[in-house]
Amino acid sequence: MFKWCFISIQLLILFPLQAQVNEQAVKQFIADFSSKHQVDKTELTRILSTASYQESIIKKMTKPAEKMPWHRYRRIFMTEERIQSGVAFWQDHLQTLQEVSDVTGVPAEVIVGIIGVETFYGERKGTHKILDALYTLAFAYPKRAKFFKSELEQFLLLSEEEDIEPTEALGSYAGAIGYCQFMPSSYRAYAKSFEKNGTKDLIGSPQDAIASVANYLKVHRWKTGQQIVSKAKVDPNAEPTGRQSLRPKYTLSHFQKMGYSASDISSDRKVTLIQLDLEDDQEYWFGLDNFYVITRYNHSALYAMAVYQLATAIKARI
């Protein structure tokens, strides 16, 4: 039941004239949301009328960092500053990380690595109004309008549940929120309260963020104690493999026949082969089940490898 304070007199609120926005879709969203969640249209209309179309968001959606070659992508995250800050974050939250890791089986370094890649340990949570981002993408980005309409719905519900001011909250250009950069649907589904007090604050609480990242990976079937990747040895006459799925699909023996091997993986283990582009060459890695789990957070091999390498570098200094 919504706690929003609704006014009884129906007001005529005109949306800003924005040619890029599908205004009919906005009106239909308001009608559908109001009917589905028993919410007065007036307050919902007022909230959405504060949203603004942002051309910059559309541009960023067409050029995500994950489309970079690996050697450029890696330089963003594998910096001395980010590694040192990761060590400091781990030390500051040592007890929380230990408790969460013990309960979930997710290693502390992986939790820290994800928060480090996502938001530089909470320092860079995003500067876009979440409402602007979701409004723009739901009603002016037809390619993924269905997804972002759903996320806008989830955000409005979330703002009520967690007492977030919907017109002021900041996040990423895609509408991701807080330390973990969860989309609203993921926030509602996977966020955890470390103190078990009912409040799941991923914007202001690093403890809740740590618990929530670990919960996300656990729910997506993290395998405790198992490795994430292994560097592949490549025969000079190795066959081209083509694009591989992120999910491990073939056994190591399949790739051994093509000229790719690893001494620390049994031949019957299922793996995926990851090709990373260097400036003048390529390198190859085998991803195992836990690598795939990290890609559930962001469906990119580059992302998962950045998390793994940052996590490994940080752990080496603890």
# chains A, B, ... in the order shown; residues from 1 in each chain; ligands from 1
call {"tool": "residues_around", "arguments": {"residues": "range 60-62 of chain A", "least_positions_apart": "6", "cutoff": "12 Å", "atoms": "only C-alpha atoms", "output": "VMD selection string"}}
result
chain A and resid 54 128 133 to 134 136 to 137 140 to 141 143 to 144 172 to 175
call {"tool": "select_by_dssp", "arguments": {"residues": "range 85-253 of chain A", "states": "strand (DSSP E or B)", "output": "VMD selection string"}}
result
chain A and resid 128 to 129 170 to 171 177 182 229 to 231 233 to 234 250 to 251
call {"tool": "write_last_selection", "arguments": {"atoms": "N, CA and C atoms", "output": "short mmCIF file (atom, residue, chain, number, x, y, z; two decimals), in the first residue's frame"}}
result
data_model
loop_
_atom_site.label_atom_id
_atom_site.label_comp_id
_atom_site.auth_asym_id
_atom_site.auth_seq_id
_atom_site.Cartn_x
_atom_site.Cartn_y
_atom_site.Cartn_z
N HIS A 128 23.52 11.13 -12.65
CA HIS A 128 22.26 11.33 -13.36
C HIS A 128 21.09 11.12 -12.41
N LYS A 129 20.05 11.92 -12.56
CA LYS A 129 18.82 11.63 -11.84
C LYS A 129 18.25 10.32 -12.38
N LEU A 170 20.08 9.93 -7.32
CA LEU A 170 21.06 9.91 -8.40
C LEU A 170 21.60 8.51 -8.63
N GLY A 171 22.01 8.26 -9.87
CA GLY A 171 22.59 6.97 -10.21
C GLY A 171 23.26 7.02 -11.56
N ILE A 177 21.69 1.97 -9.27
CA ILE A 177 21.62 2.68 -7.99
C ILE A 177 22.70 2.23 -7.02
N PHE A 182 22.88 -1.65 -8.64
CA PHE A 182 21.76 -2.51 -8.98
C PHE A 182 20.72 -1.72 -9.76
N VAL A 229 38.96 -18.39 -13.20
CA VAL A 229 39.55 -18.47 -14.53
C VAL A 229 40.90 -19.19 -14.46
N SER A 230 41.41 -19.51 -15.61
CA SER A 230 42.77 -20.06 -15.74
C SER A 230 43.36 -19.54 -17.05
N LYS A 231 44.59 -19.09 -17.00
CA LYS A 231 45.25 -18.60 -18.22
C LYS A 231 45.48 -19.77 -19.17
N LYS A 233 47.13 -21.87 -22.24
CA LYS A 233 48.34 -22.03 -23.02
C LYS A 233 47.92 -22.30 -24.46
N VAL A 234 48.51 -21.57 -25.39
CA VAL A 234 48.06 -21.63 -26.77
C VAL A 234 49.15 -22.19 -27.66
N TYR A 250 31.63 -26.36 -23.30
CA TYR A 250 32.43 -27.51 -23.73
C TYR A 250 33.46 -27.87 -22.67
N THR A 251 33.87 -29.13 -22.67
CA THR A 251 34.91 -29.54 -21.73
C THR A 251 36.28 -29.04 -22.20
#
call {"tool": "residues_around", "arguments": {"residues": "Leu156 in chain A", "least_positions_apart": "4", "cutoff": "8 Å", "atoms": "only C-alpha atoms", "output": "ChimeraX atom specification"}}
result
/A:152,160,166
call {"tool": "closest_residue", "arguments": {"among": "A:Tyr187, A:Phe89, A:Phe148, A:Trp285", "to": "Leu302 in chain A", "atoms": "only C-alpha atoms"}}
result
A:Trp285
call {"tool": "atom_distance", "arguments": {"atom1": "CA of Tyr284 in chain A", "atom2": "CA of Pro69 in chain A"}}
result
13.7 Å
call {"tool": "closest_atom_pairs", "arguments": {"of": "range 76-185 of chain A", "to": "range 195-210 of chain A", "cutoff": "7 Å", "atoms": "only C-alpha atoms", "output": "tab-separated table"}}
result
residue	atom	partner	partner_atom	distance
A:Thr96	CA	A:Gln207	CA	6.4
A:Leu97	CA	A:Ile210	CA	6.8
A:Ile111	CA	A:Ile210	CA	6.5
A:Glu162	CA	A:Thr199	CA	6.8
A:Ile177	CA	A:Ile203	CA	6.9
A:Gly178	CA	A:Ile203	CA	4.1
A:Tyr179	CA	A:Leu202	CA	5.9
A:Cys180	CA	A:Ala209	CA	6.0
call {"tool": "write_last_selection", "arguments": {"atoms": "N, CA and C atoms", "output": "PDB file, in the first residue's frame"}}
result
ATOM      1  N   THR A  96      32.752  -6.951   8.390  1.00  0.00           N
ATOM      2  CA  THR A  96      31.572  -7.171   7.551  1.00  0.00           C
ATOM      3  C   THR A  96      31.884  -8.130   6.413  1.00  0.00           C
ATOM      4  N   LEU A  97      32.992  -7.902   5.743  1.00  0.00           N
ATOM      5  CA  LEU A  97      33.377  -8.775   4.633  1.00  0.00           C
ATOM      6  C   LEU A  97      33.586 -10.210   5.096  1.00  0.00           C
ATOM      7  N   ILE A 111      33.800  -9.606  -3.785  1.00  0.00           N
ATOM      8  CA  ILE A 111      32.846  -8.572  -3.368  1.00  0.00           C
ATOM      9  C   ILE A 111      33.475  -7.192  -3.531  1.00  0.00           C
ATOM     10  N   GLU A 162      11.745   1.802   0.197  1.00  0.00           N
ATOM     11  CA  GLU A 162      12.990   2.165   0.886  1.00  0.00           C
ATOM     12  C   GLU A 162      13.082   3.655   1.197  1.00  0.00           C
ATOM     13  N   ILE A 177      21.686   1.971  -9.267  1.00  0.00           N
ATOM     14  CA  ILE A 177      21.619   2.685  -7.992  1.00  0.00           C
ATOM     15  C   ILE A 177      22.701   2.233  -7.015  1.00  0.00           C
ATOM     16  N   GLY A 178      23.327   3.195  -6.343  1.00  0.00           N
ATOM     17  CA  GLY A 178      24.120   2.940  -5.148  1.00  0.00           C
ATOM     18  C   GLY A 178      25.459   2.261  -5.366  1.00  0.00           C
ATOM     19  N   TYR A 179      26.056   1.829  -4.247  1.00  0.00           N
ATOM     20  CA  TYR A 179      27.356   1.166  -4.252  1.00  0.00           C
ATOM     21  C   TYR A 179      27.400   0.020  -5.262  1.00  0.00           C
ATOM     22  N   CYS A 180      26.335  -0.768  -5.316  1.00  0.00           N
ATOM     23  CA  CYS A 180      26.319  -1.991  -6.131  1.00  0.00           C
ATOM     24  C   CYS A 180      25.915  -1.739  -7.570  1.00  0.00           C
TER      25      CYS A 180
END
call {"tool": "residues_around", "arguments": {"residues": "Glu151 in chain A", "least_positions_apart": "2", "cutoff": "9 Å", "atoms": "only C-alpha atoms", "output": "list of chain:residue names"}}
result
A:Leu134, A:Ala138, A:Lys146, A:Phe147, A:Phe148, A:Lys149, A:Glu153, A:Gln154, A:Phe155, A:Leu156, A:Gly175, A:Met183, A:Pro184, A:Ser185
call {"tool": "write_last_selection", "arguments": {"atoms": "all heavy atoms", "output": "compact mmCIF listing (two decimals), in the first residue's frame"}}
result
# COMPACT_ATOMS: atom_id res chain seq x y z
N LEU A 134 15.59 6.68 -16.43
CA LEU A 134 14.59 5.66 -16.74
C LEU A 134 13.47 6.23 -17.63
O LEU A 134 12.95 5.54 -18.51
CB LEU A 134 14.02 5.09 -15.45
CG LEU A 134 15.04 4.33 -14.59
CD1 LEU A 134 14.41 3.87 -13.29
CD2 LEU A 134 15.62 3.13 -15.35
N ALA A 138 12.83 4.65 -21.17
CA ALA A 138 11.53 3.99 -21.29
C ALA A 138 10.69 4.56 -22.42
O ALA A 138 9.96 3.84 -23.10
CB ALA A 138 10.77 4.09 -19.97
N LYS A 146 10.69 -1.64 -23.52
CA LYS A 146 9.97 -2.57 -22.65
C LYS A 146 10.73 -2.81 -21.35
O LYS A 146 10.16 -2.78 -20.25
CB LYS A 146 9.74 -3.90 -23.38
CG LYS A 146 8.96 -4.91 -22.56
CD LYS A 146 8.72 -6.19 -23.37
CE LYS A 146 7.94 -7.21 -22.54
NZ LYS A 146 7.71 -8.46 -23.31
N PHE A 147 12.04 -3.04 -21.47
CA PHE A 147 12.86 -3.29 -20.29
C PHE A 147 12.86 -2.08 -19.36
O PHE A 147 12.67 -2.21 -18.14
CB PHE A 147 14.30 -3.61 -20.71
CG PHE A 147 15.27 -3.69 -19.56
CD1 PHE A 147 15.33 -4.80 -18.74
CD2 PHE A 147 16.14 -2.63 -19.30
CE1 PHE A 147 16.22 -4.86 -17.68
CE2 PHE A 147 17.03 -2.68 -18.24
CZ PHE A 147 17.07 -3.80 -17.43
N PHE A 148 13.05 -0.89 -19.92
CA PHE A 148 13.18 0.28 -19.06
C PHE A 148 11.83 0.76 -18.52
O PHE A 148 11.79 1.37 -17.44
CB PHE A 148 13.93 1.39 -19.79
CG PHE A 148 15.41 1.12 -19.85
CD1 PHE A 148 16.01 0.73 -21.03
CD2 PHE A 148 16.19 1.23 -18.71
CE1 PHE A 148 17.38 0.45 -21.07
CE2 PHE A 148 17.55 0.96 -18.74
CZ PHE A 148 18.15 0.57 -19.92
N LYS A 149 10.74 0.48 -19.18
CA LYS A 149 9.43 0.74 -18.59
C LYS A 149 9.26 -0.12 -17.34
O LYS A 149 8.74 0.34 -16.31
CB LYS A 149 8.31 0.44 -19.58
CG LYS A 149 8.12 1.49 -20.65
CD LYS A 149 7.03 1.06 -21.62
CE LYS A 149 6.97 1.97 -22.83
NZ LYS A 149 6.00 1.49 -23.85
N GLU A 153 8.89 1.18 -13.45
CA GLU A 153 7.86 0.68 -12.52
C GLU A 153 8.51 0.19 -11.22
O GLU A 153 8.07 0.53 -10.12
CB GLU A 153 7.08 -0.46 -13.17
CG GLU A 153 6.06 -1.11 -12.25
CD GLU A 153 5.39 -2.32 -12.87
OE1 GLU A 153 5.82 -2.76 -13.97
OE2 GLU A 153 4.43 -2.83 -12.27
N GLN A 154 9.58 -0.57 -11.36
CA GLN A 154 10.27 -1.10 -10.19
C GLN A 154 10.87 0.02 -9.34
O GLN A 154 10.87 -0.04 -8.10
CB GLN A 154 11.37 -2.07 -10.63
CG GLN A 154 10.86 -3.34 -11.27
CD GLN A 154 10.06 -4.21 -10.32
OE1 GLN A 154 10.48 -4.46 -9.20
NE2 GLN A 154 8.90 -4.64 -10.76
N PHE A 155 11.38 1.05 -9.99
CA PHE A 155 11.97 2.17 -9.26
C PHE A 155 10.92 2.92 -8.44
O PHE A 155 11.16 3.30 -7.29
CB PHE A 155 12.66 3.13 -10.22
CG PHE A 155 13.19 4.37 -9.55
CD1 PHE A 155 14.18 4.29 -8.58
CD2 PHE A 155 12.68 5.63 -9.89
CE1 PHE A 155 14.66 5.43 -7.95
CE2 PHE A 155 13.17 6.77 -9.27
CZ PHE A 155 14.15 6.67 -8.29
N LEU A 156 9.75 3.13 -9.01
CA LEU A 156 8.69 3.81 -8.28
C LEU A 156 8.24 2.99 -7.07
O LEU A 156 7.99 3.55 -5.99
CB LEU A 156 7.52 4.10 -9.22
CG LEU A 156 7.81 5.12 -10.32
CD1 LEU A 156 6.69 5.12 -11.35
CD2 LEU A 156 8.03 6.50 -9.74
N GLY A 175 20.19 4.12 -14.97
CA GLY A 175 19.27 4.01 -13.84
C GLY A 175 19.71 3.08 -12.74
O GLY A 175 18.92 2.71 -11.87
N MET A 183 20.17 -2.33 -10.79
CA MET A 183 18.96 -1.78 -11.38
C MET A 183 17.83 -1.94 -10.37
O MET A 183 17.90 -2.80 -9.48
CB MET A 183 18.64 -2.50 -12.69
CG MET A 183 19.66 -2.24 -13.81
SD MET A 183 19.75 -0.49 -14.27
CE MET A 183 18.17 -0.24 -15.09
N PRO A 184 16.77 -1.13 -10.49
CA PRO A 184 15.71 -1.21 -9.49
C PRO A 184 15.15 -2.61 -9.27
O PRO A 184 14.87 -3.00 -8.12
CB PRO A 184 14.65 -0.26 -10.06
CG PRO A 184 15.44 0.76 -10.80
CD PRO A 184 16.57 -0.01 -11.43
N SER A 185 14.96 -3.39 -10.32
CA SER A 185 14.43 -4.74 -10.15
C SER A 185 15.39 -5.61 -9.36
O SER A 185 14.97 -6.42 -8.52
CB SER A 185 14.12 -5.38 -11.51
OG SER A 185 15.30 -5.45 -12.30
call {"tool": "residues_around", "arguments": {"residues": "Tyr303 in chain A", "least_positions_apart": "2", "cutoff": "9 Å", "atoms": "only C-alpha atoms", "output": "list in words"}}
result
Glu66, Tyr73, Arg74, Val117, Ile294, Thr295, Tyr297, Asn298, His299, Ser300, Ala301, Met305, Ala306, Val307 and Tyr308 of chain A
call {"tool": "write_last_selection", "arguments": {"atoms": "N, CA, C and O atoms", "output": "PDB file, in the first residue's frame"}}
result
ATOM      1  N   GLU A  66      31.983  -1.589 -22.414  1.00  0.00           N
ATOM      2  CA  GLU A  66      32.248  -2.996 -22.711  1.00  0.00           C
ATOM      3  C   GLU A  66      32.487  -3.272 -24.197  1.00  0.00           C
ATOM      4  O   GLU A  66      32.877  -4.376 -24.575  1.00  0.00           O
ATOM      5  N   TYR A  73      39.922  -1.174 -21.975  1.00  0.00           N
ATOM      6  CA  TYR A  73      38.980  -1.403 -20.871  1.00  0.00           C
ATOM      7  C   TYR A  73      39.737  -1.676 -19.575  1.00  0.00           C
ATOM      8  O   TYR A  73      39.402  -1.127 -18.520  1.00  0.00           O
ATOM      9  N   ARG A  74      40.777  -2.495 -19.647  1.00  0.00           N
ATOM     10  CA  ARG A  74      41.546  -2.863 -18.459  1.00  0.00           C
ATOM     11  C   ARG A  74      42.185  -1.645 -17.807  1.00  0.00           C
ATOM     12  O   ARG A  74      42.244  -1.551 -16.570  1.00  0.00           O
ATOM     13  N   VAL A 117      34.894  -1.950  -9.233  1.00  0.00           N
ATOM     14  CA  VAL A 117      34.627  -1.726 -10.655  1.00  0.00           C
ATOM     15  C   VAL A 117      33.361  -0.885 -10.839  1.00  0.00           C
ATOM     16  O   VAL A 117      33.336   0.028 -11.668  1.00  0.00           O
ATOM     17  N   ILE A 294      29.829 -14.205 -12.345  1.00  0.00           N
ATOM     18  CA  ILE A 294      30.158 -12.772 -12.339  1.00  0.00           C
ATOM     19  C   ILE A 294      29.543 -12.077 -13.551  1.00  0.00           C
ATOM     20  O   ILE A 294      29.092 -10.930 -13.456  1.00  0.00           O
ATOM     21  N   THR A 295      29.476 -12.766 -14.689  1.00  0.00           N
ATOM     22  CA  THR A 295      28.867 -12.143 -15.870  1.00  0.00           C
ATOM     23  C   THR A 295      27.358 -11.994 -15.728  1.00  0.00           C
ATOM     24  O   THR A 295      26.734 -11.290 -16.528  1.00  0.00           O
ATOM     25  N   TYR A 297      26.158 -10.407 -13.331  1.00  0.00           N
ATOM     26  CA  TYR A 297      26.112  -9.040 -12.808  1.00  0.00           C
ATOM     27  C   TYR A 297      26.176  -8.038 -13.958  1.00  0.00           C
ATOM     28  O   TYR A 297      25.480  -7.037 -13.973  1.00  0.00           O
ATOM     29  N   ASN A 298      27.018  -8.336 -14.923  1.00  0.00           N
ATOM     30  CA  ASN A 298      27.145  -7.546 -16.145  1.00  0.00           C
ATOM     31  C   ASN A 298      27.530  -8.527 -17.232  1.00  0.00           C
ATOM     32  O   ASN A 298      28.564  -9.193 -17.132  1.00  0.00           O
ATOM     33  N   HIS A 299      26.709  -8.640 -18.260  1.00  0.00           N
ATOM     34  CA  HIS A 299      26.872  -9.708 -19.250  1.00  0.00           C
ATOM     35  C   HIS A 299      28.024  -9.411 -20.209  1.00  0.00           C
ATOM     36  O   HIS A 299      27.837  -9.277 -21.419  1.00  0.00           O
ATOM     37  N   SER A 300      29.211  -9.354 -19.648  1.00  0.00           N
ATOM     38  CA  SER A 300      30.398  -9.028 -20.435  1.00  0.00           C
ATOM     39  C   SER A 300      31.603  -9.783 -19.895  1.00  0.00           C
ATOM     40  O   SER A 300      31.881  -9.744 -18.694  1.00  0.00           O
ATOM     41  N   ALA A 301      32.328 -10.442 -20.792  1.00  0.00           N
ATOM     42  CA  ALA A 301      33.563 -11.115 -20.387  1.00  0.00           C
ATOM     43  C   ALA A 301      34.601 -10.101 -19.916  1.00  0.00           C
ATOM     44  O   ALA A 301      35.385 -10.373 -19.005  1.00  0.00           O
ATOM     45  N   MET A 305      36.373 -10.190 -16.235  1.00  0.00           N
ATOM     46  CA  MET A 305      37.827 -10.273 -16.138  1.00  0.00           C
ATOM     47  C   MET A 305      38.391  -9.098 -15.359  1.00  0.00           C
ATOM     48  O   MET A 305      39.345  -9.248 -14.577  1.00  0.00           O
ATOM     49  N   ALA A 306      37.816  -7.914 -15.536  1.00  0.00           N
ATOM     50  CA  ALA A 306      38.263  -6.747 -14.774  1.00  0.00           C
ATOM     51  C   ALA A 306      38.011  -6.958 -13.283  1.00  0.00           C
ATOM     52  O   ALA A 306      38.860  -6.642 -12.444  1.00  0.00           O
ATOM     53  N   VAL A 307      36.856  -7.496 -12.944  1.00  0.00           N
ATOM     54  CA  VAL A 307      36.545  -7.796 -11.541  1.00  0.00           C
ATOM     55  C   VAL A 307      37.556  -8.794 -10.988  1.00  0.00           C
ATOM     56  O   VAL A 307      38.102  -8.608  -9.892  1.00  0.00           O
ATOM     57  N   TYR A 308      37.805  -9.856 -11.746  1.00  0.00           N
ATOM     58  CA  TYR A 308      38.746 -10.883 -11.288  1.00  0.00           C
ATOM     59  C   TYR A 308      40.145 -10.314 -11.083  1.00  0.00           C
ATOM     60  O   TYR A 308      40.778 -10.550 -10.039  1.00  0.00           O
TER      61      TYR A 308
END
call {"tool": "residues_around", "arguments": {"residues": "range 99-103 of chain A", "least_positions_apart": "5", "cutoff": "12 Å", "atoms": "only C-alpha atoms", "output": "short mmCIF file (atom, residue, chain, number, x, y, z; two decimals) with N, CA and C atoms, in the first residue's frame"}}
result
data_model
loop_
_atom_site.label_atom_id
_atom_site.label_comp_id
_atom_site.auth_asym_id
_atom_site.auth_seq_id
_atom_site.Cartn_x
_atom_site.Cartn_y
_atom_site.Cartn_z
N HIS A 93 36.24 -2.33 6.25
CA HIS A 93 35.04 -3.17 6.41
C HIS A 93 35.40 -4.64 6.58
N LEU A 94 36.52 -4.86 7.23
CA LEU A 94 37.06 -6.22 7.37
C LEU A 94 36.06 -7.17 8.02
N ALA A 108 35.80 -12.47 -0.13
CA ALA A 108 35.80 -11.03 0.13
C ALA A 108 36.37 -10.26 -1.05
N GLU A 109 37.43 -10.80 -1.68
CA GLU A 109 38.07 -10.04 -2.76
C GLU A 109 37.14 -9.86 -3.96
N VAL A 110 36.26 -10.83 -4.20
CA VAL A 110 35.32 -10.71 -5.33
C VAL A 110 34.28 -9.63 -5.02
N ILE A 111 33.80 -9.61 -3.78
CA ILE A 111 32.85 -8.57 -3.37
C ILE A 111 33.48 -7.19 -3.53
N VAL A 112 34.70 -7.04 -3.02
CA VAL A 112 35.41 -5.76 -3.10
C VAL A 112 35.69 -5.41 -4.57
N LYS A 192 20.09 -6.83 0.50
CA LYS A 192 20.05 -7.40 1.85
C LYS A 192 20.39 -6.33 2.88
N SER A 193 19.80 -6.48 4.05
CA SER A 193 20.14 -5.62 5.18
C SER A 193 21.16 -6.36 6.04
N PHE A 194 22.39 -5.85 6.12
CA PHE A 194 23.42 -6.52 6.90
C PHE A 194 23.05 -6.59 8.37
N GLU A 195 22.46 -5.53 8.90
CA GLU A 195 22.08 -5.48 10.30
C GLU A 195 20.75 -6.18 10.57
N GLN A 207 27.88 -1.58 4.30
CA GLN A 207 27.61 -2.90 4.87
C GLN A 207 26.47 -3.59 4.13
N ASP A 208 25.39 -2.85 3.88
CA ASP A 208 24.29 -3.44 3.11
C ASP A 208 24.72 -3.76 1.69
N ALA A 209 25.58 -2.92 1.12
CA ALA A 209 26.08 -3.16 -0.23
C ALA A 209 26.89 -4.44 -0.29
N ILE A 210 27.77 -4.64 0.68
CA ILE A 210 28.59 -5.86 0.73
C ILE A 210 27.69 -7.09 0.81
N ALA A 211 26.70 -7.04 1.70
CA ALA A 211 25.79 -8.18 1.86
C ALA A 211 24.99 -8.43 0.58
N SER A 212 24.65 -7.37 -0.11
CA SER A 212 23.80 -7.50 -1.30
C SER A 212 24.56 -8.03 -2.51
N VAL A 213 25.80 -7.57 -2.70
CA VAL A 213 26.63 -8.12 -3.78
C VAL A 213 26.82 -9.62 -3.59
N ALA A 214 27.15 -10.01 -2.36
CA ALA A 214 27.36 -11.43 -2.08
C ALA A 214 26.09 -12.24 -2.29
N ASN A 215 24.96 -11.67 -1.87
CA ASN A 215 23.69 -12.37 -2.06
C ASN A 215 23.38 -12.55 -3.53
N LEU A 217 25.47 -12.88 -6.03
CA LEU A 217 26.30 -13.95 -6.58
C LEU A 217 25.88 -15.32 -6.05
N LYS A 218 25.52 -15.36 -4.77
CA LYS A 218 25.08 -16.63 -4.19
C LYS A 218 23.82 -17.13 -4.88
N TRP A 222 26.91 -19.16 -7.13
CA TRP A 222 28.35 -19.14 -6.88
C TRP A 222 28.77 -20.46 -6.26
N THR A 224 31.31 -22.22 -4.00
CA THR A 224 32.29 -21.90 -2.97
C THR A 224 33.57 -22.71 -3.15
N GLY A 225 34.69 -22.02 -3.11
CA GLY A 225 35.99 -22.68 -3.16
C GLY A 225 36.48 -23.03 -4.55
#
call {"tool": "atom_distance", "arguments": {"atom1": "CA of Ala304 in chain A", "atom2": "CA of Phe291 in chain A"}}
result
6.5 Å
call {"tool": "closest_residue", "arguments": {"among": "A:Ser186, A:Gln95, A:Thr127, A:Asn290", "to": "Ala169 in chain A", "atoms": "only C-alpha atoms"}}
result
A:Thr127
call {"tool": "atom_distance", "arguments": {"atom1": "CA of Val271 in chain A", "atom2": "CA of Ala316 in chain A"}}
result
25.5 Å
call {"tool": "select_by_dssp", "arguments": {"residues": "range 206-264 of chain A", "states": "helix (DSSP H, G or I)", "output": "ChimeraX atom specification"}}
result
/A:206-219,252-256
call {"tool": "residues_around", "arguments": {"residues": "Val21 in chain A", "least_positions_apart": "2", "cutoff": "12 Å", "atoms": "only C-alpha atoms", "output": "list in words"}}
result
Phe15, Pro16, Leu17, Gln18, Ala19, Glu23, Gln24, Ala25, Val26, Lys27, Ala51, Ser52, Tyr53, Gln54, Glu55, Ile58, Asp132, Leu134, Tyr135, Thr136, Leu137, Ala138, Phe139, Ala140, Tyr141, Pro142 and Ala145 of chain A
call {"tool": "decode", "arguments": {"residues": "range 94-110 of chain A", "atoms": "N, CA and C atoms", "output": "PDB file, in the first residue's frame"}}
result
ATOM      1  N   LEU A  94      36.516  -4.861   7.233  1.00  0.00           N
ATOM      2  CA  LEU A  94      37.063  -6.218   7.373  1.00  0.00           C
ATOM      3  C   LEU A  94      36.064  -7.173   8.024  1.00  0.00           C
ATOM      4  N   GLN A  95      35.459  -6.770   9.136  1.00  0.00           N
ATOM      5  CA  GLN A  95      34.549  -7.654   9.860  1.00  0.00           C
ATOM      6  C   GLN A  95      33.307  -7.975   9.028  1.00  0.00           C
ATOM      7  N   THR A  96      32.752  -6.951   8.390  1.00  0.00           N
ATOM      8  CA  THR A  96      31.572  -7.171   7.551  1.00  0.00           C
ATOM      9  C   THR A  96      31.884  -8.130   6.413  1.00  0.00           C
ATOM     10  N   LEU A  97      32.992  -7.902   5.743  1.00  0.00           N
ATOM     11  CA  LEU A  97      33.377  -8.775   4.633  1.00  0.00           C
ATOM     12  C   LEU A  97      33.586 -10.210   5.096  1.00  0.00           C
ATOM     13  N   GLN A  98      34.200 -10.384   6.245  1.00  0.00           N
ATOM     14  CA  GLN A  98      34.453 -11.731   6.765  1.00  0.00           C
ATOM     15  C   GLN A  98      33.145 -12.440   7.087  1.00  0.00           C
ATOM     16  N   GLU A  99      32.251 -11.733   7.767  1.00  0.00           N
ATOM     17  CA  GLU A  99      30.967 -12.338   8.135  1.00  0.00           C
ATOM     18  C   GLU A  99      30.155 -12.706   6.906  1.00  0.00           C
ATOM     19  N   VAL A 100      30.084 -11.795   5.950  1.00  0.00           N
ATOM     20  CA  VAL A 100      29.299 -12.046   4.739  1.00  0.00           C
ATOM     21  C   VAL A 100      29.906 -13.178   3.925  1.00  0.00           C
ATOM     22  N   SER A 101      31.222 -13.182   3.807  1.00  0.00           N
ATOM     23  CA  SER A 101      31.890 -14.248   3.062  1.00  0.00           C
ATOM     24  C   SER A 101      31.672 -15.606   3.709  1.00  0.00           C
ATOM     25  N   ASP A 102      31.739 -15.657   5.038  1.00  0.00           N
ATOM     26  CA  ASP A 102      31.524 -16.920   5.756  1.00  0.00           C
ATOM     27  C   ASP A 102      30.119 -17.465   5.524  1.00  0.00           C
ATOM     28  N   VAL A 103      29.138 -16.575   5.482  1.00  0.00           N
ATOM     29  CA  VAL A 103      27.739 -16.996   5.331  1.00  0.00           C
ATOM     30  C   VAL A 103      27.411 -17.391   3.896  1.00  0.00           C
ATOM     31  N   THR A 104      27.930 -16.644   2.933  1.00  0.00           N
ATOM     32  CA  THR A 104      27.540 -16.862   1.533  1.00  0.00           C
ATOM     33  C   THR A 104      28.509 -17.734   0.748  1.00  0.00           C
ATOM     34  N   GLY A 105      29.756 -17.816   1.207  1.00  0.00           N
ATOM     35  CA  GLY A 105      30.767 -18.553   0.454  1.00  0.00           C
ATOM     36  C   GLY A 105      31.411 -17.746  -0.653  1.00  0.00           C
ATOM     37  N   VAL A 106      31.027 -16.484  -0.794  1.00  0.00           N
ATOM     38  CA  VAL A 106      31.613 -15.619  -1.825  1.00  0.00           C
ATOM     39  C   VAL A 106      32.853 -14.950  -1.244  1.00  0.00           C
ATOM     40  N   PRO A 107      34.016 -15.064  -1.888  1.00  0.00           N
ATOM     41  CA  PRO A 107      35.248 -14.490  -1.343  1.00  0.00           C
ATOM     42  C   PRO A 107      35.173 -12.976  -1.190  1.00  0.00           C
ATOM     43  N   ALA A 108      35.796 -12.469  -0.131  1.00  0.00           N
ATOM     44  CA  ALA A 108      35.799 -11.034   0.133  1.00  0.00           C
ATOM     45  C   ALA A 108      36.371 -10.258  -1.048  1.00  0.00           C
ATOM     46  N   GLU A 109      37.426 -10.795  -1.680  1.00  0.00           N
ATOM     47  CA  GLU A 109      38.066 -10.041  -2.759  1.00  0.00           C
ATOM     48  C   GLU A 109      37.140  -9.860  -3.961  1.00  0.00           C
ATOM     49  N   VAL A 110      36.262 -10.830  -4.205  1.00  0.00           N
ATOM     50  CA  VAL A 110      35.322 -10.705  -5.328  1.00  0.00           C
ATOM     51  C   VAL A 110      34.283  -9.634  -5.019  1.00  0.00           C
TER      52      VAL A 110
END
